[in-house]
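Here is the structure we will look at, set down as structure tokens.
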Amino acid sequence: MEEQIKFRTEKTQDNKIQFIGEEITITIEQFAYNNGKHEIINPRAASAYFICFGKKYVVTNMEGITTIEDWYHEELVPKFQMLKLLIADIQPRKMCE
């Protein structure tokens, strides 16, 4: 069973919605709440970012994963965990934000 994700949501100045987690921020245009998940209305327009050592790393939803929860678990967490591991090998004195 997947762990429950705790996001806070904010509206951006250009009327998009951000789902802000501890390390990953996801930005989408619109969503619908369906079967306990946040369904992304236009999945390929969604983006996410992660900041590590002052650099912003951006991922777009090229696969068109349709819910915030599935995209987070299937693609974003693995990518950002790998990034953290790679960067930690290069700059071990400080972890990512």
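Just so we're on the same page: first chain in the structure tokens is A, next is B, and so on; residues restart at 1 for each chain, and ligands are numbered from 1 in the order they show up.
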(request) Could you tell me, as a ChimeraX atom specification, which residues of chain A DSSP assigns to strand (DSSP E or B) when given the backbone? (result) /A:8-11,17-20,25-28,31-34,37-40,47-52,55-60,67
Once you count only C-alpha atoms, what closest atom pair and distance in Å to one decimal does each residue of region 26-78 of chain A within 10 Å of region 6-22 of chain A have, with rows by chain and rising residue number, as CSV?
residue,atom,partner,partner_atom,distance
A:Ile26,CA,A:Phe19,CA,5.1
A:Thr27,CA,A:Gln18,CA,4.4
A:Ile28,CA,A:Ile17,CA,5.4
A:Glu29,CA,A:Lys16,CA,4.6
A:Gln30,CA,A:Ile17,CA,6.9
A:Phe31,CA,A:Ile17,CA,8.5
A:Ala46,CA,A:Lys16,CA,9.8
A:Ser47,CA,A:Gln18,CA,9.6
A:Ala48,CA,A:Gln18,CA,9.0
A:Tyr49,CA,A:Ile20,CA,9.8
A:Phe50,CA,A:Glu22,CA,9.7
A:Ile68,CA,A:Phe19,CA,8.4
Do you know which residues are at most 12 Å from Gln81 (chain A) counting only C-alpha atoms, after dropping those on the same chain fewer than 2 positions away, and could you put them as a PDB file with N, CA, C and O atoms, in the first residue's frame?
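Full text of selection28.pdb as output:
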ATOM      1  N   GLU A  23       9.877  17.937  -0.304  1.00  0.00           N
ATOM      2  CA  GLU A  23      10.989  18.159  -1.213  1.00  0.00           C
ATOM      3  C   GLU A  23      10.562  18.465  -2.644  1.00  0.00           C
ATOM      4  O   GLU A  23      11.311  19.071  -3.387  1.00  0.00           O
ATOM      5  N   ILE A  24       9.404  18.043  -3.025  1.00  0.00           N
ATOM      6  CA  ILE A  24       8.959  18.147  -4.416  1.00  0.00           C
ATOM      7  C   ILE A  24       7.740  19.053  -4.507  1.00  0.00           C
ATOM      8  O   ILE A  24       6.801  18.917  -3.725  1.00  0.00           O
ATOM      9  N   PHE A  50      12.476  20.302  -7.825  1.00  0.00           N
ATOM     10  CA  PHE A  50      13.192  19.904  -6.633  1.00  0.00           C
ATOM     11  C   PHE A  50      14.423  20.790  -6.571  1.00  0.00           C
ATOM     12  O   PHE A  50      15.054  21.024  -7.602  1.00  0.00           O
ATOM     13  N   CYS A  52      18.216  21.381  -5.061  1.00  0.00           N
ATOM     14  CA  CYS A  52      19.328  20.703  -4.413  1.00  0.00           C
ATOM     15  C   CYS A  52      20.596  21.529  -4.642  1.00  0.00           C
ATOM     16  O   CYS A  52      20.913  21.858  -5.783  1.00  0.00           O
ATOM     17  N   TYR A  72       3.747  11.124  -8.566  1.00  0.00           N
ATOM     18  CA  TYR A  72       4.671  11.290  -7.439  1.00  0.00           C
ATOM     19  C   TYR A  72       5.378   9.972  -7.111  1.00  0.00           C
ATOM     20  O   TYR A  72       6.605   9.921  -7.032  1.00  0.00           O
ATOM     21  N   HIS A  73       4.602   8.900  -6.936  1.00  0.00           N
ATOM     22  CA  HIS A  73       5.182   7.610  -6.545  1.00  0.00           C
ATOM     23  C   HIS A  73       5.934   6.902  -7.667  1.00  0.00           C
ATOM     24  O   HIS A  73       6.993   6.314  -7.440  1.00  0.00           O
ATOM     25  N   GLU A  74       5.412   6.942  -8.885  1.00  0.00           N
ATOM     26  CA  GLU A  74       5.984   6.172  -9.992  1.00  0.00           C
ATOM     27  C   GLU A  74       7.188   6.842 -10.648  1.00  0.00           C
ATOM     28  O   GLU A  74       8.079   6.150 -11.128  1.00  0.00           O
ATOM     29  N   GLU A  75       7.197   8.164 -10.700  1.00  0.00           N
ATOM     30  CA  GLU A  75       8.274   8.830 -11.427  1.00  0.00           C
ATOM     31  C   GLU A  75       9.070   9.819 -10.590  1.00  0.00           C
ATOM     32  O   GLU A  75      10.303   9.784 -10.585  1.00  0.00           O
ATOM     33  N   LEU A  76       8.391  10.712  -9.893  1.00  0.00           N
ATOM     34  CA  LEU A  76       9.099  11.799  -9.236  1.00  0.00           C
ATOM     35  C   LEU A  76       9.994  11.347  -8.088  1.00  0.00           C
ATOM     36  O   LEU A  76      11.169  11.712  -8.045  1.00  0.00           O
ATOM     37  N   VAL A  77       9.456  10.584  -7.163  1.00  0.00           N
ATOM     38  CA  VAL A  77      10.273  10.141  -6.023  1.00  0.00           C
ATOM     39  C   VAL A  77      11.498   9.355  -6.491  1.00  0.00           C
ATOM     40  O   VAL A  77      12.619   9.671  -6.070  1.00  0.00           O
ATOM     41  N   PRO A  78      11.362   8.356  -7.372  1.00  0.00           N
ATOM     42  CA  PRO A  78      12.567   7.648  -7.825  1.00  0.00           C
ATOM     43  C   PRO A  78      13.599   8.554  -8.503  1.00  0.00           C
ATOM     44  O   PRO A  78      14.800   8.427  -8.255  1.00  0.00           O
ATOM     45  N   LYS A  79      13.154   9.490  -9.341  1.00  0.00           N
ATOM     46  CA  LYS A  79      14.091  10.386 -10.020  1.00  0.00           C
ATOM     47  C   LYS A  79      14.821  11.277  -9.033  1.00  0.00           C
ATOM     48  O   LYS A  79      16.040  11.446  -9.114  1.00  0.00           O
ATOM     49  N   LEU A  83      18.800  11.451  -8.019  1.00  0.00           N
ATOM     50  CA  LEU A  83      19.524  12.708  -8.100  1.00  0.00           C
ATOM     51  C   LEU A  83      20.237  13.006  -6.782  1.00  0.00           C
ATOM     52  O   LEU A  83      21.410  13.381  -6.770  1.00  0.00           O
ATOM     53  N   LYS A  84      19.544  12.835  -5.678  1.00  0.00           N
ATOM     54  CA  LYS A  84      20.152  13.065  -4.368  1.00  0.00           C
ATOM     55  C   LYS A  84      21.360  12.165  -4.144  1.00  0.00           C
ATOM     56  O   LYS A  84      22.385  12.609  -3.629  1.00  0.00           O
ATOM     57  N   LEU A  85      21.248  10.908  -4.539  1.00  0.00           N
ATOM     58  CA  LEU A  85      22.375   9.982  -4.388  1.00  0.00           C
ATOM     59  C   LEU A  85      23.569  10.414  -5.236  1.00  0.00           C
ATOM     60  O   LEU A  85      24.710  10.391  -4.778  1.00  0.00           O
ATOM     61  N   LEU A  86      23.309  10.790  -6.475  1.00  0.00           N
ATOM     62  CA  LEU A  86      24.392  11.224  -7.355  1.00  0.00           C
ATOM     63  C   LEU A  86      25.068  12.479  -6.833  1.00  0.00           C
ATOM     64  O   LEU A  86      26.292  12.585  -6.823  1.00  0.00           O
ATOM     65  N   ILE A  87      24.293  13.444  -6.398  1.00  0.00           N
ATOM     66  CA  ILE A  87      24.856  14.694  -5.904  1.00  0.00           C
ATOM     67  C   ILE A  87      25.572  14.475  -4.573  1.00  0.00           C
ATOM     68  O   ILE A  87      26.619  15.068  -4.324  1.00  0.00           O
ATOM     69  N   ALA A  88      25.057  13.612  -3.720  1.00  0.00           N
ATOM     70  CA  ALA A  88      25.699  13.342  -2.435  1.00  0.00           C
ATOM     71  C   ALA A  88      27.095  12.765  -2.634  1.00  0.00           C
ATOM     72  O   ALA A  88      28.003  13.031  -1.841  1.00  0.00           O
ATOM     73  N   MET A  95      23.154  17.760   2.400  1.00  0.00           N
ATOM     74  CA  MET A  95      22.083  17.094   1.656  1.00  0.00           C
ATOM     75  C   MET A  95      21.205  18.127   0.964  1.00  0.00           C
ATOM     76  O   MET A  95      21.261  19.305   1.234  1.00  0.00           O
ATOM     77  N   CYS A  96      20.368  17.641   0.092  1.00  0.00           N
ATOM     78  CA  CYS A  96      19.456  18.496  -0.663  1.00  0.00           C
ATOM     79  C   CYS A  96      18.329  18.975   0.241  1.00  0.00           C
ATOM     80  O   CYS A  96      18.008  18.373   1.262  1.00  0.00           O
ATOM     81  N   GLU A  97      17.700  20.066  -0.196  1.00  0.00           N
ATOM     82  CA  GLU A  97      16.563  20.621   0.553  1.00  0.00           C
ATOM     83  C   GLU A  97      15.328  19.803   0.319  1.00  0.00           C
ATOM     84  O   GLU A  97      15.108  19.262  -0.698  1.00  0.00           O
TER      85      GLU A  97
END
(request) Pull the helix (DSSP H, G or I) assignments for chain A out of DSSP run on the backbone, and list those residues as a PyMOL selection string. (result) chain A and resi 43-45+68-90
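Nearest-residue note for Pro43 (chain A): choosing from A:Ile5, A:Val59, A:Ile65, A:Met82, the minimum distance belongs to A:Ile65, counting only C-alpha atoms.
Picture a line from CA of Asn35 (chain A) to CA of Glu63 (chain A); it runs 21.1 Å.
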(request) Excluding Gly36 (chain A) and residues on its chain fewer than 2 positions from it, collect all residues at most 12 Å away from it, counting only C-alpha atoms, and give them as a ChimeraX atom specification. (result) /A:4-5,32-34,38-39,67-70
